[in-house]
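Structure file model.pdb with PDB, C-alpha atoms:
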MODEL        1
ATOM      1  CA  GLU A   1     191.222 112.771 121.748
ATOM      2  CA  VAL A   2     190.639 115.565 124.259
ATOM      3  CA  ILE A   3     187.720 113.711 125.849
ATOM      4  CA  GLN A   4     189.701 110.493 126.122
ATOM      5  CA  ARG A   5     192.709 112.300 127.562
ATOM      6  CA  VAL A   6     190.624 113.995 130.270
ATOM      7  CA  LEU A   7     188.948 110.714 131.198
ATOM      8  CA  ASN A   8     192.288 108.908 131.326
ATOM      9  CA  GLU A   9     193.569 111.529 133.753
ATOM     10  CA  ALA A  10     190.431 111.326 135.896
ATOM     11  CA  SER A  11     190.617 107.522 135.977
ATOM     12  CA  ARG A  12     193.979 107.789 137.732
ATOM     13  CA  GLN A  13     192.437 109.923 140.499
ATOM     14  CA  THR A  14     189.246 108.093 141.335
ATOM     15  CA  PRO A  15     186.767 108.466 142.874
ATOM     16  CA  ALA A  16     186.167 111.253 140.382
ATOM     17  CA  ARG A  17     183.426 113.069 138.520
ATOM     18  CA  VAL A  18     184.063 114.601 135.081
ATOM     19  CA  ILE A  19     181.490 117.297 134.276
ATOM     20  CA  PHE A  20     181.150 118.648 130.740
ATOM     21  CA  GLU A  21     180.410 122.311 130.195
ATOM     22  CA  ARG A  22     176.849 122.254 128.919
ATOM     23  CA  GLY A  23     176.711 122.800 125.174
ATOM     24  CA  GLU A  24     176.625 121.144 121.762
ATOM     25  CA  TYR A  25     179.800 119.396 120.639
ATOM     26  CA  ARG A  26     180.297 118.305 117.024
ATOM     27  CA  ILE A  27     182.992 115.650 116.947
ATOM     28  CA  ASP A  28     184.668 114.010 113.978
ATOM     29  CA  PRO A  29     186.072 110.775 115.404
ATOM     30  CA  GLY A  30     188.234 110.282 112.326
ATOM     31  CA  GLU A  31     189.338 106.669 112.059
ATOM     32  CA  ALA A  32     188.537 105.964 115.706
ATOM     33  CA  LYS A  33     185.958 103.215 116.154
ATOM     34  CA  ILE A  34     185.110 104.212 119.733
ATOM     35  CA  LEU A  35     184.735 107.694 121.254
ATOM     36  CA  ILE A  36     185.397 106.635 124.882
ATOM     37  CA  LYS A  37     187.433 103.582 125.937
ATOM     38  CA  LEU A  38     188.006 102.752 129.593
ATOM     39  CA  GLU A  39     189.467  99.565 131.035
ATOM     40  CA  GLY A  40     189.809  98.573 134.670
ATOM     41  CA  VAL A  41     188.461 101.904 135.931
ATOM     42  CA  ASN A  42     186.392 102.146 139.119
ATOM     43  CA  ASP A  43     184.350 104.897 140.781
ATOM     44  CA  LEU A  44     184.071 107.317 137.854
ATOM     45  CA  THR A  45     181.088 109.457 136.852
ATOM     46  CA  ILE A  46     180.934 111.085 133.401
ATOM     47  CA  ASP A  47     178.336 113.862 133.600
ATOM     48  CA  GLY A  48     177.255 115.679 130.438
ATOM     49  CA  ASP A  49     175.200 118.271 132.352
ATOM     50  CA  GLY A  50     172.675 118.200 129.495
ATOM     51  CA  SER A  51     175.225 118.399 126.680
ATOM     52  CA  THR A  52     174.688 117.096 123.150
ATOM     53  CA  ILE A  53     177.453 115.271 121.315
ATOM     54  CA  ILE A  54     177.011 114.946 117.554
ATOM     55  CA  LEU A  55     179.261 112.433 115.827
ATOM     56  CA  THR A  56     179.898 113.316 112.201
ATOM     57  CA  ARG A  57     181.194 109.840 111.344
ATOM     58  CA  PRO A  58     180.071 106.423 112.550
ATOM     59  CA  SER A  59     181.697 105.622 115.862
ATOM     60  CA  ALA A  60     180.635 103.700 118.935
ATOM     61  CA  ILE A  61     180.042 105.945 121.936
ATOM     62  CA  ALA A  62     181.764 103.983 124.692
ATOM     63  CA  ASN A  63     183.377 100.686 125.653
ATOM     64  CA  PHE A  64     183.804  99.928 129.350
ATOM     65  CA  THR A  65     185.940  96.845 130.038
ATOM     66  CA  ARG A  66     186.133  95.370 133.556
ATOM     67  CA  CYS A  67     184.986  98.669 135.076
ATOM     68  CA  SER A  68     183.027  98.984 138.322
ATOM     69  CA  ARG A  69     180.825 101.745 139.695
ATOM     70  CA  ILE A  70     180.769 103.660 136.413
ATOM     71  CA  MET A  71     178.054 106.208 135.636
ATOM     72  CA  LEU A  72     177.366 107.897 132.293
ATOM     73  CA  GLU A  73     174.644 110.503 132.639
ATOM     74  CA  ARG A  74     172.878 113.565 131.213
ATOM     75  CA  PHE A  75     173.968 113.330 127.569
ATOM     76  CA  THR A  76     172.261 113.380 124.208
ATOM     77  CA  PHE A  77     174.186 111.560 121.478
ATOM     78  CA  ASP A  78     173.362 111.971 117.808
ATOM     79  CA  TYR A  79     174.784 111.099 114.395
ATOM     80  CA  GLU A  80     174.948 113.340 111.338
ATOM     81  CA  PRO A  81     174.561 111.876 108.821
ATOM     82  CA  MET A  82     172.385 109.096 110.205
ATOM     83  CA  VAL A  83     173.904 105.631 110.368
ATOM     84  CA  TYR A  84     170.912 103.796 108.960
ATOM     85  CA  THR A  85     168.731 104.454 105.956
ATOM     86  CA  ALA A  86     165.245 103.596 104.731
ATOM     87  CA  ALA A  87     163.537 103.305 101.358
ATOM     88  CA  LYS A  88     159.813 103.693 100.669
ATOM     89  CA  VAL A  89     158.824 100.878  98.315
ATOM     90  CA  VAL A  90     157.608 102.187  94.959
ATOM     91  CA  SER A  91     157.337  99.015  92.877
ATOM     92  CA  VAL A  92     158.003  95.287  93.158
ATOM     93  CA  ASP A  93     158.869  92.675  90.511
ATOM     94  CA  PRO A  94     158.620  89.284  92.287
ATOM     95  CA  ALA A  95     159.384  87.321  89.119
ATOM     96  CA  GLY A  96     162.506  89.346  88.449
ATOM     97  CA  GLY A  97     163.484  89.437  92.107
ATOM     98  CA  THR A  98     163.716  93.217  92.354
ATOM     99  CA  MET A  99     162.189  96.045  94.337
ATOM    100  CA  GLU A 100     162.511  99.764  93.683
ATOM    101  CA  GLY A 101     162.424 102.171  96.582
ATOM    102  CA  GLU A 102     162.833 105.896  97.145
ATOM    103  CA  ILE A 103     165.316 106.745  99.898
ATOM    104  CA  LEU A 104     163.481 108.872 102.456
ATOM    105  CA  PRO A 105     164.439 112.548 102.886
ATOM    106  CA  VAL A 106     167.537 113.280 105.042
ATOM    107  CA  HIS A 107     168.457 109.571 105.036
ATOM    108  CA  PRO A 108     171.878 108.739 103.561
ATOM    109  CA  LEU A 109     172.086 107.129 100.132
ATOM    110  CA  PRO A 110     173.206 103.477 100.190
ATOM    111  CA  ASP A 111     175.960 103.930  97.604
ATOM    112  CA  GLU A 112     177.606 106.628  99.724
ATOM    113  CA  PHE A 113     178.359 104.422 102.758
ATOM    114  CA  LYS A 114     180.271 101.170 102.209
ATOM    115  CA  PRO A 115     178.704  99.164 105.081
ATOM    116  CA  TYR A 116     175.339  99.149 103.256
ATOM    117  CA  ASP A 117     176.911  96.898 100.636
ATOM    118  CA  LEU A 118     178.949  94.835 103.097
ATOM    119  CA  GLU A 119     176.045  93.924 105.375
ATOM    120  CA  ARG A 120     172.892  93.480 103.346
ATOM    121  CA  LEU A 121     170.283  92.729 105.982
ATOM    122  CA  GLY A 122     167.179  94.889 106.233
ATOM    123  CA  MET A 123     163.734  94.949 107.809
ATOM    124  CA  VAL A 124     160.362  95.292 106.112
ATOM    125  CA  VAL A 125     158.255  97.820 107.996
ATOM    126  CA  THR A 126     154.658  98.807 107.355
ATOM    127  CA  GLU A 127     152.711 101.798 108.601
ATOM    128  CA  SER A 128     149.465  99.852 108.380
ATOM    129  CA  GLU A 129     150.381  98.129 111.664
ATOM    130  CA  GLY A 130     151.641 101.193 113.506
ATOM    131  CA  PHE A 131     155.031 101.347 111.787
ATOM    132  CA  ALA A 132     156.093  97.879 112.849
ATOM    133  CA  ILE A 133     157.745  94.843 111.272
ATOM    134  CA  LYS A 134     155.422  93.620 108.542
ATOM    135  CA  ARG A 135     153.314  90.685 109.666
ATOM    136  CA  GLY A 136     154.242  87.521 107.764
ATOM    137  CA  ALA A 137     157.601  88.859 106.575
ATOM    138  CA  ASP A 138     160.899  87.482 107.788
ATOM    139  CA  LEU A 139     162.437  89.473 110.620
ATOM    140  CA  LEU A 140     165.436  90.192 108.377
ATOM    141  CA  VAL A 141     165.334  90.264 104.575
ATOM    142  CA  ALA A 142     168.725  90.362 102.870
ATOM    143  CA  HIS A 143     169.170  92.002  99.496
ATOM    144  CA  ALA A 144     171.710  90.757  96.931
ATOM    145  CA  GLY A 145     172.888  94.183  95.825
ATOM    146  CA  PHE A 146     171.527  97.524  94.715
ATOM    147  CA  GLN A 147     171.988 100.199  92.090
ATOM    148  CA  ARG A 148     170.885 103.782  91.824
ATOM    149  CA  VAL A 149     168.194 104.256  89.173
ATOM    150  CA  LYS A 150     168.104 108.028  89.438
ATOM    151  CA  GLY A 151     168.162 110.604  92.169
ATOM    152  CA  ARG A 152     167.059 108.893  95.387
ATOM    153  CA  LEU A 153     165.449 105.918  93.604
ATOM    154  CA  PHE A 154     167.291 102.610  94.064
ATOM    155  CA  ARG A 155     166.688  99.123  92.706
ATOM    156  CA  PHE A 156     167.367  96.245  95.120
ATOM    157  CA  ARG A 157     167.946  92.646  93.960
ATOM    158  CA  PHE A 158     166.914  89.576  95.939
ATOM    159  CA  GLU A 159     168.001  85.929  95.746
ATOM    160  CA  PRO A 160     166.057  83.789  95.431
ATOM    161  CA  ALA A 161     163.783  86.040  93.402
ATOM    162  CA  GLY A 162     160.775  85.118  95.522
ATOM    163  CA  LYS A 163     162.136  87.174  98.432
ATOM    164  CA  ALA A 164     160.973  90.280  96.615
ATOM    165  CA  ALA A 165     157.390  89.182  97.328
ATOM    166  CA  SER A 166     158.014  90.241 100.943
ATOM    167  CA  PHE A 167     157.435  93.826  99.795
ATOM    168  CA  ALA A 168     154.440  95.800  98.620
ATOM    169  CA  PRO A 169     154.261  99.435  97.463
ATOM    170  CA  GLY A 170     154.085 101.668 100.515
ATOM    171  CA  ASP A 171     156.221  99.409 102.725
ATOM    172  CA  THR A 172     159.501 100.739 104.099
ATOM    173  CA  TYR A 173     162.783  98.841 103.770
ATOM    174  CA  VAL A 174     165.107  99.771 106.657
ATOM    175  CA  LEU A 175     168.818  99.108 106.151
ATOM    176  CA  ASP A 176     170.676  98.937 109.424
ATOM    177  CA  PRO A 177     174.246  97.677 108.917
ATOM    178  CA  ARG A 178     176.250  96.662 111.973
ATOM    179  CA  TRP A 179     178.973  99.173 111.138
ATOM    180  CA  TYR A 180     180.152  99.166 114.747
ATOM    181  CA  ASP A 181     181.036  95.464 114.926
ATOM    182  CA  GLU A 182     184.721  96.307 115.270
ATOM    183  CA  ALA A 183     183.856  98.455 118.298
ATOM    184  CA  GLY A 184     182.083  95.656 120.141
ATOM    185  CA  ARG A 185     178.698  95.310 118.384
ATOM    186  CA  ALA A 186     176.849  98.261 119.919
ATOM    187  CA  CYS A 187     176.956 101.990 120.601
ATOM    188  CA  ILE A 188     177.663 101.493 124.315
ATOM    189  CA  ASN A 189     179.267  98.243 125.493
ATOM    190  CA  PHE A 190     180.080  96.824 128.902
ATOM    191  CA  PHE A 191     182.525  93.925 129.040
ATOM    192  CA  GLY A 192     182.580  92.481 132.549
ATOM    193  CA  GLY A 193     182.632  94.707 135.616
ATOM    194  CA  ASP A 194     179.624  95.637 137.742
ATOM    195  CA  ASP A 195     177.508  98.515 139.040
ATOM    196  CA  ALA A 196     177.252 100.327 135.712
ATOM    197  CA  VAL A 197     174.635 103.081 135.527
ATOM    198  CA  LEU A 198     173.292 104.886 132.459
ATOM    199  CA  SER A 199     171.061 107.805 133.451
ATOM    200  CA  GLU A 200     169.218 110.499 131.496
ATOM    201  CA  LEU A 201     170.716 109.478 128.159
ATOM    202  CA  THR A 202     169.195 110.056 124.747
ATOM    203  CA  ILE A 203     170.761 108.301 121.757
ATOM    204  CA  ARG A 204     169.337 109.386 118.420
ATOM    205  CA  GLY A 205     169.869 107.696 115.106
ATOM    206  CA  ALA A 206     171.426 104.587 116.643
ATOM    207  CA  ALA A 207     171.132 101.237 114.982
ATOM    208  CA  ASN A 208     169.798  98.048 116.574
ATOM    209  CA  GLU A 209     171.606  96.513 119.530
ATOM    210  CA  CYS A 210     172.322  99.989 120.836
ATOM    211  CA  LEU A 211     173.309  98.940 124.371
ATOM    212  CA  THR A 212     174.968  95.636 125.277
ATOM    213  CA  ALA A 213     176.577  94.004 128.289
ATOM    214  CA  PHE A 214     178.785  90.898 128.253
ATOM    215  CA  TYR A 215     179.706  88.992 131.398
TER     216      TYR A 215
ENDMDL
END

How does the structure come out when it is put into C-alpha cells?
Amino acid sequence: EVIQRVLNEASRQTPARVIFERGEYRIDPGEAKILIKLEGVNDLTIDGDGSTIILTRPSAIANFTRCSRIMLERFTFDYEPMVYTAAKVVSVDPAGGTMEGEILPVHPLPDEFKPYDLERLGMVVTESEGFAIKRGADLLVAHAGFQRVKGRLFRFRFEPAGKAASFAPGDTYVLDPRWYDEAGRACINFFGGDDAVLSELTIRGAANECLTAFY
C-alpha cells in the first residue's frame, strides 16, 4: 500500500522519478493480486537503486495500462515460497496411469497451494538433454489429480492412463500454475501505451509468461 500510494502521488506530478532506498524489502501483498497498478500515467521512472523486493505471497509485480514513457529499473524481484514446484520422478506405472515423484528440496508441496490443483498442466524436463523439455513428450502434460504418499513423495494420476508413459525415472515434472491470471496473465503486464522500458531487472522464481505486452 505504501509503494502504491507513493507512486500515485508521483504520477500526479510527472515528469517524476521515484527512487527506492537501496535495501531488501519483504512484502506480504495480502489479498492484492498486483503490487503496482498504474493507468494513464506518463513520464514516470521507478528506480530501485539495486533493491530487492521479496513477495511472501503470489502477486503480480506490475500492471501498466495505457501508460507512456514508463521505466522500471534496477530491481530484483523474488518469491518466497516459490510459485512453482517440481518433482523428480521415482517410479512410473503406465498401465495404472500413475507416476510417483519426490518434490525437490525448498520447492512448495502441491497440496499446500490451491492453484496446483486448479491448473493441472506441467512440463516433463530431462537433464539428459541439458535440463530441457523432454524430446518426444508433449509440451504440456496435464495430470488428473495427486495425493501425498508420504513426506515429499506424491502420486500423480493421468487420464488417459497412457499419458504416464511420458515419464521415466529421473525425469522432472515441473508444475507451473498460472496463478496470476486474475492479474493479467504475467508478472509484469503492459496494456496499450508506448515507450515502456525495463532495465537491469532480475525476476527470480517467476512462472512462464513472465513479461507480456498487449496492444

Fill in: Close residues, Arg148 of chain A itself excluded, 10 Å, all atoms listed in the file, min 6 positions apart in chain, as a list of chain:residue names
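Close residues of Arg148 of chain A: A:Glu100, A:Gly101, A:Glu102, A:Leu109, A:Pro110, A:Asp111, A:Phe154, A:Arg155, A:Phe156.
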
Practice prompt. List the neighbours of Lys163 of chain A out to 10 Å using only C-alpha atoms; skip same-chain residues closer than 3 positions along the sequence, and give me the result as a PyMOL selection string.
Written response: chain A and resi 94-95+97-99+137-138+141-143+157-160+166-167

Item to complete: Could you tell me which of A:Glu1, A:Asp171, A:Asp78, A:Glu73 comes closest to Ala196 of chain A if we count all atoms listed in the file?
Response: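 Closest to Ala196 of chain A of all the choices is A:Glu73.
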
Fill in: Target residues per the PyMOL selection byres ((chain A and resi 188) around 10), formatted as a list in words
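Evaluating the PyMOL selection byres ((chain A and resi 188) around 10) on this file yields Ile34, Leu35, Ile36, Ala60, Ile61, Ala62, Asn63, Phe64, Ala183, Gly184, Arg185, Ala186, Cys187, Asn189, Phe190, Leu198, Glu209, Cys210, Leu211, Thr212 and Ala213 of chain A.
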
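With only C-alpha atoms as the atoms that count, the minimum distance from Leu140 of chain A to the choices A:Leu201, A:Ile103, A:Val124, A:Val90 is reached by A:Val124.
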
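Nearest-residue note for Ala161 of chain A: choosing from A:Gly96, A:Asp194, A:Leu175, A:Val125, the minimum distance belongs to A:Gly96, counting only C-alpha atoms.
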
Please enumerate the residues selected by the PyMOL selection byres ((chain A and resi 113-119) around 12) when evaluated against the supplied file, formatted as a compact mmCIF listing (two decimals) with C-alpha atoms, in the coordinates of the input.
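Final file, part-v4.txt:
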# COMPACT_ATOMS: atom_id res chain seq x y z
CA ARG A 57 181.19 109.84 111.34
CA PRO A 58 180.07 106.42 112.55
CA PRO A 81 174.56 111.88 108.82
CA MET A 82 172.38 109.10 110.20
CA VAL A 83 173.90 105.63 110.37
CA TYR A 84 170.91 103.80 108.96
CA THR A 85 168.73 104.45 105.96
CA ALA A 86 165.24 103.60 104.73
CA HIS A 107 168.46 109.57 105.04
CA PRO A 108 171.88 108.74 103.56
CA LEU A 109 172.09 107.13 100.13
CA PRO A 110 173.21 103.48 100.19
CA ASP A 111 175.96 103.93 97.60
CA GLU A 112 177.61 106.63 99.72
CA ARG A 120 172.89 93.48 103.35
CA LEU A 121 170.28 92.73 105.98
CA GLY A 122 167.18 94.89 106.23
CA LEU A 140 165.44 90.19 108.38
CA VAL A 141 165.33 90.26 104.58
CA ALA A 142 168.72 90.36 102.87
CA HIS A 143 169.17 92.00 99.50
CA ALA A 144 171.71 90.76 96.93
CA GLY A 145 172.89 94.18 95.82
CA PHE A 146 171.53 97.52 94.72
CA GLN A 147 171.99 100.20 92.09
CA PHE A 156 167.37 96.24 95.12
CA ARG A 157 167.95 92.65 93.96
CA VAL A 174 165.11 99.77 106.66
CA LEU A 175 168.82 99.11 106.15
CA ASP A 176 170.68 98.94 109.42
CA PRO A 177 174.25 97.68 108.92
CA ARG A 178 176.25 96.66 111.97
CA TRP A 179 178.97 99.17 111.14
CA TYR A 180 180.15 99.17 114.75
CA ASP A 181 181.04 95.46 114.93

Item to complete: Calculate how many Å separate atom CA of Ile203 of chain A from atom CA of Asn42 of chain A, rounding to one decimal.
Response: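 So the two atoms, atom CA of Ile203 of chain A and atom CA of Asn42 of chain A, lie 24.2 Å apart.
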
Fill in: Residue nearest Ala165 of chain A among A:Val92, A:Val2, A:Ala132, A:Val106 (counting all atoms listed in the file)
A:Val92

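When you apply the PyMOL selection byres ((chain A and resi 27-31) around 6) to this structure, what comes back is Arg26, Ala32, Leu55 and Thr56 of chain A.
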